[in-house]
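File shown: target.tsv (TSV, C-alpha atoms and all ligand atoms).
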chain	number	residue	atom	x	y	z
A	1	MET	CA	25.47	-150.33	-100.31
A	2	LEU	CA	25.03	-151.41	-96.72
A	3	SER	CA	25.31	-148.68	-94.21
A	4	SER	CA	28.14	-149.17	-91.78
A	5	ALA	CA	25.61	-149.53	-88.94
A	6	TRP	CA	23.78	-152.32	-90.74
A	7	ARG	CA	27.03	-153.95	-91.69
A	8	SER	CA	28.00	-153.97	-88.05
A	9	VAL	CA	24.65	-155.55	-87.06
A	10	SER	CA	24.97	-158.10	-89.87
A	11	THR	CA	28.47	-159.04	-88.87
A	12	SER	CA	27.44	-159.39	-85.28
A	13	VAL	CA	24.48	-161.61	-86.21
A	14	GLU	CA	26.66	-163.74	-88.42
A	15	THR	CA	29.23	-164.09	-85.67
A	16	ASN	CA	26.53	-165.05	-83.19
A	17	LEU	CA	25.00	-167.57	-85.56
A	18	THR	CA	28.36	-169.14	-86.18
A	19	ALA	CA	29.15	-169.16	-82.48
A	20	ALA	CA	25.71	-170.62	-81.79
A	21	TYR	CA	26.42	-173.40	-84.23
A	22	PHE	CA	29.73	-174.23	-82.63
A	23	ARG	CA	28.29	-174.00	-79.11
A	24	GLY	CA	25.24	-176.02	-80.06
A	25	SER	CA	22.93	-173.30	-78.75
A	26	SER	CA	19.31	-173.87	-77.90
A	27	SER	CA	16.60	-173.68	-80.53
A	28	ALA	CA	15.16	-170.57	-78.86
A	29	THR	CA	18.44	-168.69	-79.16
A	30	LEU	CA	18.81	-169.62	-82.79
A	31	ARG	CA	15.19	-168.65	-83.58
A	32	CYS	CA	15.78	-165.27	-82.01
A	33	LEU	CA	18.97	-164.77	-83.98
A	34	LEU	CA	17.34	-165.86	-87.21
A	35	ARG	CA	14.51	-163.34	-86.79
A	36	LEU	CA	17.05	-160.63	-86.21
A	37	ALA	CA	19.01	-161.83	-89.20
A	38	ALA	CA	15.97	-161.43	-91.44
A	39	VAL	CA	15.34	-157.78	-90.64
A	40	PRO	CA	15.03	-155.94	-93.99
A	41	SER	CA	17.66	-153.39	-94.83
A	42	GLY	CA	18.94	-151.48	-97.80
A	43	GLY	CA	20.11	-154.54	-99.75
A	44	GLY	CA	23.45	-156.18	-100.31
A	45	SER	CA	24.63	-159.76	-100.47
A	46	MET	CA	24.63	-160.19	-96.72
A	47	GLN	CA	20.93	-159.40	-96.58
A	48	ARG	CA	20.07	-161.63	-99.51
A	49	ARG	CA	21.83	-164.56	-97.89
A	50	PHE	CA	19.98	-164.07	-94.62
A	51	LEU	CA	16.62	-163.62	-96.35
A	52	ALA	CA	17.05	-167.08	-97.82
A	53	VAL	CA	16.70	-168.43	-94.26
A	54	PRO	CA	13.07	-169.30	-93.38
A	55	VAL	CA	11.96	-167.43	-90.27
A	56	CYS	CA	8.72	-169.22	-89.37
A	57	PRO	CA	9.75	-171.37	-86.40
A	58	SER	CA	7.56	-174.27	-87.48
A	59	LEU	CA	9.33	-174.41	-90.83
A	60	VAL	CA	12.84	-173.92	-89.57
A	61	LYS	CA	14.82	-177.08	-89.67
A	62	LEU	CA	17.19	-176.10	-86.95
A	63	GLN	CA	19.40	-179.12	-87.16
A	64	LYS	CA	19.99	-178.36	-90.81
A	65	LEU	CA	20.56	-174.66	-90.25
A	66	ARG	CA	23.08	-175.37	-87.56
A	67	LYS	CA	25.03	-177.47	-89.99
A	68	VAL	CA	25.08	-175.09	-92.95
A	69	GLY	CA	28.20	-173.00	-93.30
A	70	PHE	CA	27.78	-169.31	-92.69
A	71	ARG	CA	30.75	-168.02	-94.61
A	72	GLY	CA	30.11	-169.41	-98.03
A	73	MET	CA	30.87	-173.06	-97.31
A	74	HIS	CA	30.05	-175.17	-100.34
A	75	SER	CA	28.41	-177.94	-98.30
A	76	THR	CA	26.84	-178.67	-94.96
A	77	LEU	CA	28.90	-180.13	-92.15
A	78	GLU	CA	27.96	-183.76	-91.71
A	79	HIS	CA	28.95	-186.56	-89.37
A	80	VAL	CA	29.22	-190.18	-90.41
A	81	LYS	CA	29.30	-192.93	-87.79
A	82	LEU	CA	31.11	-196.14	-88.61
A	83	GLU	CA	32.20	-199.11	-86.51
A	84	GLY	CA	34.46	-197.68	-83.79
A	85	MET	CA	34.83	-194.26	-85.39
A	86	GLU	CA	33.15	-191.02	-86.36
A	87	ILE	CA	34.06	-189.01	-89.43
A	88	LYS	CA	33.26	-185.29	-89.46
A	89	ILE	CA	33.00	-183.99	-93.01
A	90	LEU	CA	34.31	-180.42	-93.10
A	91	PRO	CA	33.90	-178.45	-96.33
A	92	ALA	CA	36.76	-176.10	-97.23
A	93	LEU	CA	37.64	-173.61	-99.98
A	94	GLN	CA	35.53	-173.91	-103.13
A	95	ASP	CA	35.00	-177.66	-103.25
A	96	ASN	CA	37.58	-179.36	-100.97
A	97	TYR	CA	36.81	-181.61	-98.03
A	98	MET	CA	38.74	-181.94	-94.80
A	99	TYR	CA	37.89	-184.89	-92.55
A	100	LEU	CA	38.17	-185.21	-88.79
A	101	ILE	CA	38.56	-188.89	-87.87
A	102	VAL	CA	37.60	-189.62	-84.26
A	103	ASP	CA	38.12	-192.86	-82.35
A	104	SER	CA	34.74	-193.32	-80.62
A	105	LYS	CA	36.28	-194.91	-77.51
A	106	THR	CA	39.28	-192.73	-76.67
A	107	ARG	CA	38.10	-189.54	-78.49
A	108	GLU	CA	41.55	-189.25	-80.04
A	109	ALA	CA	41.41	-187.65	-83.48
A	110	ALA	CA	43.33	-187.02	-86.69
A	111	ILE	CA	42.58	-184.43	-89.35
A	112	VAL	CA	42.92	-185.15	-93.07
A	113	ASP	CA	44.15	-182.24	-95.27
A	114	PRO	CA	43.44	-179.32	-92.88
A	115	VAL	CA	43.57	-176.50	-95.42
A	116	GLU	CA	41.32	-174.32	-93.23
A	117	PRO	CA	42.87	-174.64	-89.75
A	118	GLU	CA	40.39	-172.30	-88.02
A	119	LEU	CA	37.43	-174.54	-88.85
A	120	VAL	CA	39.42	-177.57	-87.75
A	121	ILE	CA	40.22	-175.99	-84.39
A	122	LYS	CA	36.62	-174.89	-83.79
A	123	THR	CA	35.34	-178.38	-84.59
A	124	VAL	CA	37.92	-180.06	-82.37
A	125	GLU	CA	36.98	-177.78	-79.47
A	126	GLU	CA	33.25	-178.27	-80.05
A	127	GLU	CA	33.61	-182.05	-80.22
A	128	LYS	CA	35.97	-182.15	-77.23
A	129	VAL	CA	38.36	-184.54	-78.92
A	130	THR	CA	42.12	-184.85	-78.63
A	131	LEU	CA	43.75	-183.91	-81.90
A	132	ASN	CA	47.32	-185.12	-82.29
A	133	LYS	CA	47.76	-186.17	-85.92
A	134	VAL	CA	47.54	-184.63	-89.38
A	135	LEU	CA	47.19	-186.98	-92.34
A	136	THR	CA	48.17	-185.27	-95.59
A	137	THR	CA	47.22	-186.91	-98.87
A	138	HIS	CA	49.52	-184.83	-101.09
A	139	HIS	CA	51.49	-181.61	-101.33
A	140	HIS	CA	49.08	-179.49	-103.40
A	141	TRP	CA	48.18	-176.22	-101.70
A	142	ASP	CA	44.46	-176.93	-101.41
A	143	HIS	CA	45.27	-180.02	-99.30
A	144	ALA	CA	48.55	-179.34	-97.48
A	145	GLY	CA	48.38	-175.53	-97.48
A	146	GLY	CA	47.03	-175.29	-93.91
A	147	ASN	CA	49.52	-177.62	-92.22
A	148	GLU	CA	52.01	-174.99	-91.12
A	149	LYS	CA	49.35	-172.65	-89.78
A	150	LEU	CA	47.61	-175.45	-87.88
A	151	VAL	CA	50.88	-176.54	-86.28
A	152	LYS	CA	51.52	-172.92	-85.31
A	153	LEU	CA	48.02	-172.35	-83.88
A	154	TRP	CA	47.69	-175.68	-82.11
A	155	PRO	CA	49.00	-175.56	-78.52
A	156	LYS	CA	50.14	-179.19	-78.46
A	157	GLU	CA	52.49	-181.26	-80.55
A	158	LEU	CA	51.10	-182.50	-83.87
A	159	GLU	CA	52.41	-185.46	-85.82
A	160	VAL	CA	52.19	-184.52	-89.50
A	161	TYR	CA	52.08	-187.49	-91.88
A	162	GLY	CA	52.52	-187.55	-95.64
A	163	GLY	CA	54.51	-189.13	-98.43
A	164	ASP	CA	56.19	-186.10	-99.97
A	165	ASP	CA	58.95	-183.74	-98.79
A	166	ARG	CA	57.04	-180.84	-100.37
A	167	ILE	CA	54.35	-181.13	-97.64
A	168	GLY	CA	54.49	-178.28	-95.14
A	169	ALA	CA	55.33	-179.14	-91.49
A	170	LEU	CA	55.87	-182.81	-92.41
A	171	ASN	CA	57.55	-184.69	-89.57
A	172	HIS	CA	56.43	-188.29	-90.24
A	173	LYS	CA	57.15	-189.33	-93.83
A	174	VAL	CA	55.31	-192.51	-94.78
A	175	GLN	CA	55.28	-195.04	-97.61
A	176	GLN	CA	53.31	-198.07	-98.76
A	177	ASP	CA	52.10	-200.28	-95.89
A	178	ASP	CA	53.34	-198.01	-93.12
A	179	SER	CA	50.89	-197.98	-90.26
A	180	LEU	CA	49.85	-195.70	-87.44
A	181	THR	CA	47.02	-195.46	-84.95
A	182	ILE	CA	44.35	-192.95	-83.97
A	183	GLY	CA	43.49	-194.08	-80.45
A	184	ASN	CA	42.39	-197.66	-81.04
A	185	LEU	CA	41.88	-197.21	-84.77
A	186	LYS	CA	44.37	-198.67	-87.22
A	187	VAL	CA	45.58	-196.71	-90.24
A	188	ARG	CA	47.41	-198.25	-93.17
A	189	CYS	CA	49.14	-196.05	-95.74
A	190	LEU	CA	48.66	-196.81	-99.43
A	191	SER	CA	51.17	-195.24	-101.79
A	192	THR	CA	49.24	-194.09	-104.86
A	193	PRO	CA	51.59	-192.00	-107.03
A	194	CYS	CA	50.29	-190.45	-110.28
A	195	HIS	CA	48.34	-187.27	-109.47
A	196	THR	CA	51.53	-186.43	-107.54
A	197	THR	CA	54.51	-188.67	-106.93
A	198	GLY	CA	54.12	-188.72	-103.15
A	199	HIS	CA	50.34	-189.19	-102.92
A	200	ILE	CA	49.16	-191.32	-99.99
A	201	CYS	CA	45.68	-192.76	-99.31
A	202	TYR	CA	44.86	-193.68	-95.71
A	203	HIS	CA	42.82	-196.81	-94.91
A	204	VAL	CA	41.30	-196.66	-91.44
A	205	THR	CA	39.75	-199.62	-89.65
A	206	ALA	CA	38.41	-200.43	-86.18
A	207	ALA	CA	40.83	-201.95	-83.68
A	208	ASP	CA	39.54	-205.51	-84.13
A	209	GLY	CA	39.39	-205.18	-87.91
A	210	THR	CA	35.61	-205.55	-88.01
A	211	GLY	CA	33.22	-203.07	-89.56
A	212	GLU	CA	33.33	-201.31	-92.83
A	213	GLY	CA	36.37	-199.05	-92.49
A	214	ALA	CA	37.09	-195.88	-94.40
A	215	VAL	CA	39.62	-194.77	-96.97
A	216	PHE	CA	40.72	-191.17	-97.49
A	217	THR	CA	41.68	-190.89	-101.12
A	218	GLY	CA	42.68	-187.24	-101.63
A	219	ASP	CA	42.98	-186.54	-105.36
A	220	THR	CA	43.62	-190.15	-106.41
A	221	LEU	CA	40.07	-191.56	-106.35
A	222	PHE	CA	37.04	-189.28	-106.55
A	223	GLN	CA	33.46	-190.39	-106.54
A	224	GLY	CA	32.96	-191.42	-110.18
A	225	GLY	CA	36.42	-190.27	-111.26
A	226	CYS	CA	40.11	-189.85	-110.53
A	227	GLY	CA	42.69	-187.07	-110.27
A	228	ARG	CA	44.67	-185.72	-113.19
A	229	PHE	CA	47.94	-187.47	-113.98
A	230	PHE	CA	50.19	-184.49	-113.16
A	231	GLU	CA	53.22	-186.49	-112.07
A	232	GLY	CA	52.52	-190.04	-113.20
A	233	THR	CA	51.41	-192.53	-115.80
A	234	PRO	CA	48.27	-194.53	-116.64
A	235	GLU	CA	50.09	-197.59	-115.30
A	236	GLU	CA	50.47	-195.95	-111.90
A	237	MET	CA	46.82	-194.88	-111.74
A	238	TYR	CA	45.82	-198.41	-112.75
A	239	ASP	CA	47.90	-199.76	-109.89
A	240	ALA	CA	46.34	-197.24	-107.47
A	241	LEU	CA	42.70	-197.72	-108.47
A	242	CYS	CA	42.48	-201.24	-109.83
A	243	THR	CA	45.07	-202.99	-107.67
A	244	LYS	CA	45.44	-201.23	-104.32
A	245	LEU	CA	42.10	-199.47	-103.76
A	246	SER	CA	40.04	-202.18	-105.49
A	247	ALA	CA	41.54	-204.72	-103.07
A	248	LEU	CA	39.91	-203.03	-100.06
A	249	PRO	CA	36.64	-204.57	-98.85
A	250	ASP	CA	33.70	-203.48	-101.01
A	251	ASN	CA	31.94	-201.90	-98.03
A	252	THR	CA	34.87	-199.54	-97.31
A	253	LYS	CA	33.58	-195.95	-97.25
A	254	VAL	CA	35.39	-193.63	-99.66
A	255	PHE	CA	36.07	-190.06	-98.50
A	256	CYS	CA	37.66	-188.15	-101.35
A	257	GLY	CA	39.31	-184.73	-101.53
A	258	HIS	CA	36.76	-182.77	-103.59
A	259	GLU	CA	33.05	-182.44	-104.26
A	260	TYR	CA	33.32	-183.34	-107.95
A	261	THR	CA	30.63	-186.03	-108.10
A	262	LEU	CA	28.22	-184.44	-110.57
A	263	GLN	CA	30.98	-183.49	-113.04
A	264	ASN	CA	32.55	-186.94	-112.79
A	265	MET	CA	29.24	-188.75	-113.12
A	266	SER	CA	28.45	-186.74	-116.22
A	267	PHE	CA	31.61	-188.12	-117.80
A	268	ALA	CA	30.79	-191.63	-116.50
A	269	ARG	CA	27.39	-191.43	-118.25
A	270	HIS	CA	29.12	-190.28	-121.44
A	271	VAL	CA	31.36	-193.37	-121.26
A	272	GLU	CA	28.55	-195.79	-120.37
A	273	PRO	CA	25.22	-194.25	-121.44
A	274	ASP	CA	23.36	-197.51	-120.75
A	275	ASN	CA	24.63	-197.95	-117.20
A	276	GLU	CA	21.51	-197.33	-115.10
A	277	ILE	CA	23.41	-197.22	-111.83
A	278	ILE	CA	25.21	-194.11	-113.08
A	279	GLN	CA	21.94	-192.43	-113.98
A	280	GLN	CA	20.48	-193.24	-110.57
A	281	ARG	CA	23.52	-191.84	-108.81
A	282	ILE	CA	23.30	-188.64	-110.83
A	283	GLU	CA	19.68	-188.14	-109.75
A	284	TRP	CA	20.63	-188.83	-106.13
A	285	ALA	CA	23.63	-186.48	-106.27
A	286	LYS	CA	21.54	-183.67	-107.84
A	287	HIS	CA	19.09	-184.00	-104.99
A	288	ARG	CA	21.88	-183.87	-102.41
A	289	ARG	CA	23.58	-180.86	-103.99
A	290	ALA	CA	20.31	-178.95	-104.27
A	291	SER	CA	20.40	-178.67	-100.49
A	292	GLN	CA	24.20	-178.41	-100.32
A	293	ASP	CA	24.54	-181.85	-98.79
A	294	PRO	CA	27.86	-183.58	-99.48
A	295	THR	CA	27.80	-186.59	-101.79
A	296	VAL	CA	30.60	-188.30	-99.87
A	297	PRO	CA	31.05	-191.01	-98.87
A	298	SER	CA	30.53	-193.67	-101.50
A	299	THR	CA	31.96	-197.19	-101.12
A	300	ILE	CA	34.67	-199.10	-102.96
A	301	GLY	CA	31.98	-201.56	-104.13
A	302	GLU	CA	29.88	-198.71	-105.55
A	303	GLU	CA	32.86	-197.15	-107.32
A	304	LYS	CA	33.38	-200.46	-109.10
A	305	THR	CA	29.85	-200.17	-110.52
A	306	TRP	CA	30.01	-196.58	-111.82
A	307	ASN	CA	33.55	-195.20	-111.93
A	308	PRO	CA	34.90	-195.64	-115.47
A	309	PHE	CA	38.49	-195.45	-114.22
A	310	MET	CA	37.86	-198.48	-112.00
A	311	ARG	CA	35.99	-200.24	-114.81
A	312	VAL	CA	38.72	-200.35	-117.43
A	313	HIS	CA	38.29	-204.14	-117.68
A	314	GLU	CA	34.65	-203.82	-118.72
A	315	ALA	CA	33.74	-204.40	-122.37
A	316	THR	CA	31.46	-201.33	-122.42
A	317	VAL	CA	34.25	-199.04	-121.21
A	318	GLN	CA	36.80	-200.61	-123.55
A	319	LYS	CA	34.41	-200.14	-126.46
A	320	HIS	CA	34.13	-196.45	-125.61
A	321	ALA	CA	37.93	-196.21	-125.55
A	322	GLY	CA	38.07	-197.30	-129.20
A	323	GLY	CA	38.11	-201.03	-128.64
A	324	ALA	CA	41.41	-201.26	-126.75
A	325	THR	CA	41.49	-204.32	-124.53
A	326	ASP	CA	44.58	-203.47	-122.51
A	327	PRO	CA	43.19	-201.87	-119.33
A	328	ILE	CA	46.19	-199.57	-118.97
A	329	SER	CA	45.72	-198.05	-122.44
A	330	VAL	CA	42.00	-197.71	-121.65
A	331	MET	CA	42.98	-195.84	-118.46
A	332	GLY	CA	45.23	-193.47	-120.45
A	333	SER	CA	42.63	-192.91	-123.12
A	334	LEU	CA	39.81	-192.16	-120.62
A	335	ARG	CA	41.94	-189.69	-118.69
A	336	LYS	CA	42.95	-187.90	-121.87
A	337	GLU	CA	39.34	-187.56	-122.91
A	338	LYS	CA	38.21	-186.45	-119.44
A	339	ASP	CA	40.89	-183.71	-119.36
A	340	THR	CA	38.96	-181.77	-121.99
A	341	PHE	CA	35.44	-183.14	-121.39
A	342	LYS	CA	32.72	-180.55	-121.04
A	343	GLY	CA	29.77	-182.22	-119.35
A	401	ZN	ZN	45.81	-182.25	-106.02

Could you write out this file's structure as structure tokens?
Amino acid sequence: MLSSAWRSVSTSVETNLTAAYFRGSSSATLRCLLRLAAVPSGGGSMQRRFLAVPVCPSLVKLQKLRKVGFRGMHSTLEHVKLEGMEIKILPALQDNYMYLIVDSKTREAAIVDPVEPELVIKTVEEEKVTLNKVLTTHHHWDHAGGNEKLVKLWPKELEVYGGDDRIGALNHKVQQDDSLTIGNLKVRCLSTPCHTTGHICYHVTAADGTGEGAVFTGDTLFQGGCGRFFEGTPEEMYDALCTKLSALPDNTKVFCGHEYTLQNMSFARHVEPDNEIIQQRIEWAKHRRASQDPTVPSTIGEEKTWNPFMRVHEATVQKHAGGATDPISVMGSLRKEKDTFKG
């Protein structure tokens, strides 16, 4: 048991470390805090977590430490720069991702699936961006569950987008091909019902349409997999993955709703054991996860090479599905198998 005095010191150190991260404090401050954090005590999970932090300044990778979550985040916070935009990857809950999309020119921003509003607000303040939009992929609690709280906590008006009346605080209902902007960035809504009936994916591109663009796929398309068919059919998932999402440029970056890559890739390897690209991605993803780095994003082009649910036209995948040649029955058969697959 931690003594109450030590618990108080630990809490204070953790608070300072977190604050230091969000303030972007100097290396010297962080080194000092880390030494303090590593003071031995009577035991307890708090101490064990801190002792995992290297204290020799020459070995401390400060940039990395500043990005690692301090309250049990499943992944590090990472930033991805694309043409005209920045995407901040924010881990949430056990394996969800929220994404802050920032227009590089105007610094206007939108948040995708803000299930942990406090982290969103801290990031927005740290990055000094103007948040005015919430893009919700679907109504499930682990995606839309923070909307109402964010709207309540945020001092300015927020436009809350989504395709389902079950989404909290929704005030801009959208459907296929509706568009909106984030500063100069263009966003096109793709209706992808199946996981839920009102699921929307958001395709974001630079103002002039150049560059690679990004798509936020919620629980429709995961890296190496797809969401369960809770409210839809194999036909609908085929339309979502193989018609709408496959039609995006191959270099489009895919930001999905969960860190499920290793589990999905294990199933992908089971479907196509001779597909070397899958094996390579598994090795890469293991390496990333060993240091809690996110495996997102992938690209639409990459998904076409390893995601069995986007490869239902391939002879190898069809063979695995018992020789069916109709891609929609292959889709149904793969999903059924994946529902009970133990990698
Ligand atoms: Zn869901």

So which one's closest to ligand ZN 401 (chain A), A:Pro114, A:Gly257, A:Gly146, A:Gly232? Using only C-alpha atoms and all ligand atoms, please.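 Closest candidate: A:Gly257.
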
List every residue of chain A that has an atom at most 10 Å from any atom of ligand ZN 401 (chain A), giving for each one its closest atom pair and the distance in Å to one decimal, counting only C-alpha atoms and all ligand atoms, sorted by chain and then by ascending residue number, as a Markdown table.
| residue | atom | partner | partner_atom | distance |
| --- | --- | --- | --- | --- |
| A:Thr137 | CA | A:ZN401 | ZN | 8.7 |
| A:His138 | CA | A:ZN401 | ZN | 6.7 |
| A:His139 | CA | A:ZN401 | ZN | 7.4 |
| A:His140 | CA | A:ZN401 | ZN | 5.0 |
| A:Trp141 | CA | A:ZN401 | ZN | 7.8 |
| A:Asp142 | CA | A:ZN401 | ZN | 7.2 |
| A:His143 | CA | A:ZN401 | ZN | 7.1 |
| A:Ala144 | CA | A:ZN401 | ZN | 9.4 |
| A:His195 | CA | A:ZN401 | ZN | 6.6 |
| A:Thr196 | CA | A:ZN401 | ZN | 7.2 |
| A:His199 | CA | A:ZN401 | ZN | 8.8 |
| A:Gly218 | CA | A:ZN401 | ZN | 7.3 |
| A:Asp219 | CA | A:ZN401 | ZN | 5.2 |
| A:Thr220 | CA | A:ZN401 | ZN | 8.2 |
| A:Gly227 | CA | A:ZN401 | ZN | 7.1 |
| A:Arg228 | CA | A:ZN401 | ZN | 8.0 |
| A:Phe229 | CA | A:ZN401 | ZN | 9.8 |
| A:Phe230 | CA | A:ZN401 | ZN | 8.7 |
| A:Gly257 | CA | A:ZN401 | ZN | 8.3 |
| A:His258 | CA | A:ZN401 | ZN | 9.4 |

Could you tell me how far atom CA of Ile101 of chain A sits from atom CA of Ile167 of chain A, in Å to one decimal place?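 Rounded to one decimal, the two atoms are 20.1 Å apart.
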
Tell me which of A:His203, A:Lys338, A:Val271, A:Thr197 sits closest to Asp178 of chain A, counting only C-alpha atoms. A:His203

Tell me, as a list in words, which residues lie within 7 Å of Phe309 of chain A, counting all atoms listed in the file; anything in the same chain fewer than 3 positions away does not count.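 What passes the distance filter is Gly225, Cys226, Val312 and Met331 of chain A.
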
Nearest to Ala285 of chain A, chosen from A:Gln223, A:Thr106, A:Thr261, A:Asn307, with only C-alpha atoms counted in the distances: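 Smallest distance to Ala285 of chain A is found for A:Thr261.
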
Between A:Thr205, A:Arg107, A:Gln176, A:Lys149, which one has atoms that come closest to Glu127 of chain A, using only C-alpha atoms? A:Arg107

Contacts of Val151 of chain A at 12 Å (only C-alpha atoms; same-chain gap of 5+ positions) as a PyMOL selection string: chain A and resi 111+114-115+117-118+120-121+131-134+144-146+156-160+168-171

Using all atoms listed in the file, which of A:Trp306, A:Met85, A:Ala109, A:Leu248 sits nearest Glu125 of chain A? A:Ala109

So, counting only C-alpha atoms, which residue among A:Leu245, A:Gln279, A:Tyr238, A:Pro155 is closest to Arg188 of chain A?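 Ranked by minimum distance to Arg188 of chain A, first place goes to A:Leu245.
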
Surrounding residues of Asp177 of chain A excluding itself and chain neighbours under 3 positions, 9 Å, only C-alpha atoms, as a VMD selection string: chain A and resid 174 188 to 191

For atom CA of Thr210 of chain A and atom CA of Glu83 of chain A, determine how far apart the two atoms are, in Å to one decimal place.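 Distance between the two atoms: 7.4 Å.
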
Straight-line distance linking atom CA of Asp113 of chain A with atom CA of Pro91 of chain A, stated in Å to one decimal: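 About the pair atom CA of Asp113 of chain A and atom CA of Pro91 of chain A: they are 11.0 Å apart.
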
How would you write as a list in words the residues that get within 9 Å of (44.6, -197.9, -106.4) in the file's frame, counting only C-alpha atoms?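 Protein, DNA and RNA residues close to (44.6, -197.9, -106.4): Leu190, Ser191, Thr192, Cys201, Thr220, Leu221, Glu236, Met237, Tyr238, Asp239, Ala240, Leu241, Cys242, Thr243, Lys244, Leu245, Ser246, Ala247 and Met310 of chain A.
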
Tell me which protein, DNA and RNA residues are within 9 Å of Asn251 of chain A, counting all atoms listed in the file, leaving out same-chain ones fewer than 3 positions away, and put them as a PyMOL selection string. chain A and resi 211-214+248+299-302

For Ala290 of chain A: contacts at 12 Å, all atoms listed in the file, fewer than 5 positions along chain excluded, given as an mmCIF file with C-alpha atoms, in the frame of the given file:
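File out_39.cif, as written:
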data_model
loop_
_atom_site.group_PDB
_atom_site.id
_atom_site.type_symbol
_atom_site.label_atom_id
_atom_site.label_comp_id
_atom_site.auth_asym_id
_atom_site.auth_seq_id
_atom_site.Cartn_x
_atom_site.Cartn_y
_atom_site.Cartn_z
ATOM 1 C CA HIS A 74 30.050 -175.170 -100.340
ATOM 2 C CA SER A 75 28.410 -177.940 -98.300
ATOM 3 C CA THR A 76 26.840 -178.670 -94.960
ATOM 4 C CA LEU A 262 28.220 -184.440 -110.570
ATOM 5 C CA GLU A 283 19.680 -188.140 -109.750
ATOM 6 C CA TRP A 284 20.630 -188.830 -106.130
ATOM 7 C CA ALA A 285 23.630 -186.480 -106.270
ATOM 8 C CA THR A 295 27.800 -186.590 -101.790
#

List as a PyMOL selection string the residues having at least one atom at most 6 Å from position (29.2, -186.2, -91.4) as given in the file, counting all atoms listed in the file. chain A and resi 78-80+87-89

If I only want segment 144-190 of chain A, can you write it with C-alpha atoms, as a PDB file, in the first residue's frame?
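Okay, this is what ended up in part08.pdb:
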ATOM      1  CA  ALA A 144     -20.053   9.575 -29.809  1.00  0.00           C
ATOM      2  CA  GLY A 145     -20.140   9.263 -26.012  1.00  0.00           C
ATOM      3  CA  GLY A 146     -18.133  12.454 -25.395  1.00  0.00           C
ATOM      4  CA  ASN A 147     -20.076  14.781 -27.697  1.00  0.00           C
ATOM      5  CA  GLU A 148     -22.465  16.173 -25.120  1.00  0.00           C
ATOM      6  CA  LYS A 149     -19.760  16.769 -22.534  1.00  0.00           C
ATOM      7  CA  LEU A 150     -17.490  18.476 -25.069  1.00  0.00           C
ATOM      8  CA  VAL A 151     -20.299  20.778 -26.188  1.00  0.00           C
ATOM      9  CA  LYS A 152     -20.976  21.592 -22.529  1.00  0.00           C
ATOM     10  CA  LEU A 153     -17.315  22.234 -21.667  1.00  0.00           C
ATOM     11  CA  TRP A 154     -16.413  24.147 -24.811  1.00  0.00           C
ATOM     12  CA  PRO A 155     -16.992  27.901 -24.448  1.00  0.00           C
ATOM     13  CA  LYS A 156     -17.847  28.461 -28.109  1.00  0.00           C
ATOM     14  CA  GLU A 157     -20.427  27.047 -30.478  1.00  0.00           C
ATOM     15  CA  LEU A 158     -19.635  23.618 -31.916  1.00  0.00           C
ATOM     16  CA  GLU A 159     -21.108  22.202 -35.097  1.00  0.00           C
ATOM     17  CA  VAL A 160     -21.682  18.490 -34.472  1.00  0.00           C
ATOM     18  CA  TYR A 161     -21.843  16.362 -37.625  1.00  0.00           C
ATOM     19  CA  GLY A 162     -23.017  12.786 -38.023  1.00  0.00           C
ATOM     20  CA  GLY A 163     -25.411  10.583 -39.938  1.00  0.00           C
ATOM     21  CA  ASP A 164     -27.558   9.196 -37.143  1.00  0.00           C
ATOM     22  CA  ASP A 165     -30.185  10.739 -34.837  1.00  0.00           C
ATOM     23  CA  ARG A 166     -28.827   8.587 -31.990  1.00  0.00           C
ATOM     24  CA  ILE A 167     -25.637  10.727 -31.906  1.00  0.00           C
ATOM     25  CA  GLY A 168     -25.468  12.994 -28.856  1.00  0.00           C
ATOM     26  CA  ALA A 169     -25.513  16.788 -29.450  1.00  0.00           C
ATOM     27  CA  LEU A 170     -25.978  16.266 -33.202  1.00  0.00           C
ATOM     28  CA  ASN A 171     -26.923  19.520 -34.922  1.00  0.00           C
ATOM     29  CA  HIS A 172     -25.721  18.901 -38.505  1.00  0.00           C
ATOM     30  CA  LYS A 173     -27.063  15.623 -39.876  1.00  0.00           C
ATOM     31  CA  VAL A 174     -25.237  14.554 -43.033  1.00  0.00           C
ATOM     32  CA  GLN A 175     -25.602  11.977 -45.785  1.00  0.00           C
ATOM     33  CA  GLN A 176     -23.701  10.675 -48.805  1.00  0.00           C
ATOM     34  CA  ASP A 177     -21.791  13.395 -50.696  1.00  0.00           C
ATOM     35  CA  ASP A 178     -22.617  16.182 -48.258  1.00  0.00           C
ATOM     36  CA  SER A 179     -19.657  18.475 -47.855  1.00  0.00           C
ATOM     37  CA  LEU A 180     -18.232  20.847 -45.292  1.00  0.00           C
ATOM     38  CA  THR A 181     -14.988  22.687 -44.700  1.00  0.00           C
ATOM     39  CA  ILE A 182     -12.349  22.923 -41.976  1.00  0.00           C
ATOM     40  CA  GLY A 183     -10.738  26.263 -42.760  1.00  0.00           C
ATOM     41  CA  ASN A 184      -9.538  25.734 -46.320  1.00  0.00           C
ATOM     42  CA  LEU A 185      -9.804  21.946 -46.164  1.00  0.00           C
ATOM     43  CA  LYS A 186     -12.629  20.165 -47.949  1.00  0.00           C
ATOM     44  CA  VAL A 187     -14.541  17.328 -46.320  1.00  0.00           C
ATOM     45  CA  ARG A 188     -16.810  14.944 -48.197  1.00  0.00           C
ATOM     46  CA  CYS A 189     -19.159  12.629 -46.314  1.00  0.00           C
ATOM     47  CA  LEU A 190     -19.367   8.986 -47.369  1.00  0.00           C
TER      48      LEU A 190
END
